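Asker: First, the structure itself, so that you have it in front of you.
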Amino acid sequence: MTTFRPCFLIPCYNHGATVPAVVESLMTFGYPMLIVDDGSQADTKRILADVAASYDDVTLITLANNQGKGGAVIAGIEAAYQQSFSHAIQIDADGQHDLEALPKLIQESQAHPTALISGQPIYDESVPKSRLYGRYVTHVWVWIETLSFAIKDSMCGFRSYPIGPTISVLERAVLGRRMDFDTEIMVRMYWNDTDIRFINTRVIYPEDGISHFDALWDNVKISWMHTKLFFGMLPRILSLLKRKPIQDDHWSSHAERGTILGMQVLLWVYSTFGRHVFSLLLKPVMAYYYLRGGPVKQASDDFIQQVNAYARVKNITLPEKLSPYRHLVSFGETMLDKLAAWRGDFSEKNLVVHGTEHYEALSKREKGIVMLGSHLGNLELCRALSRRHKDLKINALVFTEHAERFNAVMKAVNPQSEVNVIQVSKMGPDTAILLQQKIDAGEWIVIVGDRTSVTKEDRVVWADFLGKPAPFPQGPFMLASILKQPVYLMFGLRDDSQKEPRFDVYFEPFSEQIILPRGKREEALQEVVQNYAQRLEHFTLKAPSQWYNFFNFWQLTGKKDDN
């Protein structure tokens, strides 16, 4: 399981006087520390030894000879790798970095666990002008070497390194060991498709600060580094130009492409000519969207690559050949399925319900349940389930910013339809009380568990999904724990091997009650979300073309939380 288990990495060369204060300021975060003594003099060695002896969570790594800043950082990252840390958070030993930015650095690293997070310096008047102007020369070279402006600053030593991607780069190339290291590792990680992100951080230059920058030899090494990177860039030109910027749009910012008029046209074609004609007309429409490209096609392609790679690693035979075009056609067919389900066109002959025995037991309960769905397949088939059981009332949670459009679509489908939609803007106490009333009345609550919050995107739990860590929202699982009722899963998958519409509806128990005990809440929540991710993965592999999260599912967007 992928977890956030960081350590602090402090490279030190003759900065013994400042290290105790740096270590003391970091203790409040509760993370282990690795101090790398880069061949320091005797007085610094004594101080570092005393610091290591004073704290249980401090480990001292001693290099016999001075390797340079890069060599010390590499030694620390390799030690962090051997001790199974997920991230190494580099802090300079001289107290030059403003640690007020550290919580934001950690937060960004948790939100984007495969990214390299770096400080972007904000200088005061203490910065030497030669240093300041020299940085701009390096910035220009880095932009050339990456054919991108994505790297805003490559020289700041205030960073969180993801251990896996960093070790991968260190194993492939021999990097500079002195002041050239910071820039070279960042450029090479960018070449290796690592996401690079930045946070603002104040940097000061103390009057009595010790600098180990050698104006002659370090500049020679930096010049040689840029020469290597420039020629290393040349064979990568095509791949660098093709690389797309990280998509920072939250899923909620993607407006539905269909309009109410469009829905009515689709329904008219379906009602007048039947599903066969509708499907024929659907193909050129989806071919148009496919040829247009854009973020939807890119997201489809990214998903297909991920699921194919995972299937190869696990030796899994997928039930179908995947392509972005087929993926889009499947989405169009499911849009019709949704409309048909809400219109009431599906009956028992269209459904094979797996898990009806669970409903028989639930029908004897006085209280309702929580049902977790997803954007895999067709969740609207729960409406068909409610028609099969007349005494069952199902409520779906819909966020306010989508509810008006959602209700308008439903009125276009069926003006007489009684849609049980609970409109919410955020998961607050009022929402919990309302849902508790529904539960007490014996009604079911449905909420999807695979899309991050519209207003609080960073409130996520990272869980392994199809071989890669993905962010899942905390809200649905915490809400289920508050309601203290059984939790079930439902997945509705279309059987594309049949000529007539046929669906497999999987209804299964997930948890008798989600309990998040105090003191172990984070661990319990992690386990619950991982269990959900495993079941979502299981059903995704049954019908991967029916996965309709058309955005980069494996990353957050960087969208700020609303307050």
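Letters for chains follow the order of the structure tokens (A, B, ...), residue numbers begin at 1 for each chain, and ligand numbers begin at 1 in the order shown.
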List as number ranges by chain the protein and nucleic acid residues near range 89-105 of chain A, meaning an atom at most 8 Å away when only C-alpha atoms are counted, but skip any in the same chain fewer than 6 places from it.

Answerer: A: 6-12, 15, 18-19, 22, 73, 117-119, 157-161, 199-206, 209-210

Asker: Between CA of Leu170 in chain A and CA of Leu116 in chain A, measure the distance and give it in Å to one decimal.

Answerer: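 Atom-to-atom, CA of Leu170 in chain A to CA of Leu116 in chain A, that is 14.2 Å.
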
Asker: Excluding Ser40 in chain A and any residue of its chain fewer than 3 positions from it, enumerate the residues within 9 Å of it, using only C-alpha atoms, and give them as an MDAnalysis selection string.

Answerer: chainID A and resid 12:16 37 43:45 62:66

Asker: Can you list every residue of range 439-529 of chain A that has an atom at most 10 Å from range 329-335 of chain A, with its nearest atom pair and the distance in Å to one decimal, using only C-alpha atoms, ordered by chain then number, as JSON lines?

Answerer:
```
{"residue": "A:Leu493", "atom": "CA", "partner": "A:Thr334", "partner_atom": "CA", "distance": 9.4}
{"residue": "A:Arg494", "atom": "CA", "partner": "A:Thr334", "partner_atom": "CA", "distance": 8.1}
{"residue": "A:Asp496", "atom": "CA", "partner": "A:Ser330", "partner_atom": "CA", "distance": 9.3}
```

Asker: Pick out the residues sitting within 9 Å of range 302-314 of chain A, and hand them over as a list in words; count only C-alpha atoms, and ignore anything fewer than 3 positions along from it in its own chain.

Answerer: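 Selected residues are Lys297, Gln298, Ala299, Thr317, Leu318, Leu322, Ser323, Pro324, His327, Leu466, Gly467, Lys468, Leu541, Pro544, Ser545, Trp547, Phe550, Phe551, Asn552 and Phe553 of chain A.
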
Asker: Just want the 6 Å neighbourhood of range 363-369 of chain A, counted on only C-alpha atoms, with same-chain residues fewer than 5 positions away dropped. Output as a list in words.

Answerer: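 Here the qualifying residues turn out to be Ile439, Asp440, Gly442, Glu443, Trp444, Gln485 and Pro486 of chain A.
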
Asker: Check the smallest atom-to-atom distance from each of A:Pro473, A:Gly294, A:Pro32, A:Gly449 to Gln83 in chain A using only C-alpha atoms, then report the winner.

Answerer: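 Of A:Pro473, A:Gly294, A:Pro32, A:Gly449, the one nearest Gln83 in chain A, counting only C-alpha atoms, is A:Pro32.
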
Asker: I'd like to know which residues of range 21-179 of chain A are helix (DSSP H, G or I) (by DSSP, run on the backbone); could you write them as a PyMOL selection string?

Answerer: chain A and resi 21-29+42-54+69-82+99-111+129-146+163-172

Asker: List the spatial neighbours of Val487 in chain A as a VMD selection string - criterion: any atom at most 10 Å away, only C-alpha atoms, same-chain residues fewer than 2 positions off excluded.

Answerer: chain A and resid 368 to 372 444 to 446 477 480 to 481 483 to 485 489 508 to 514
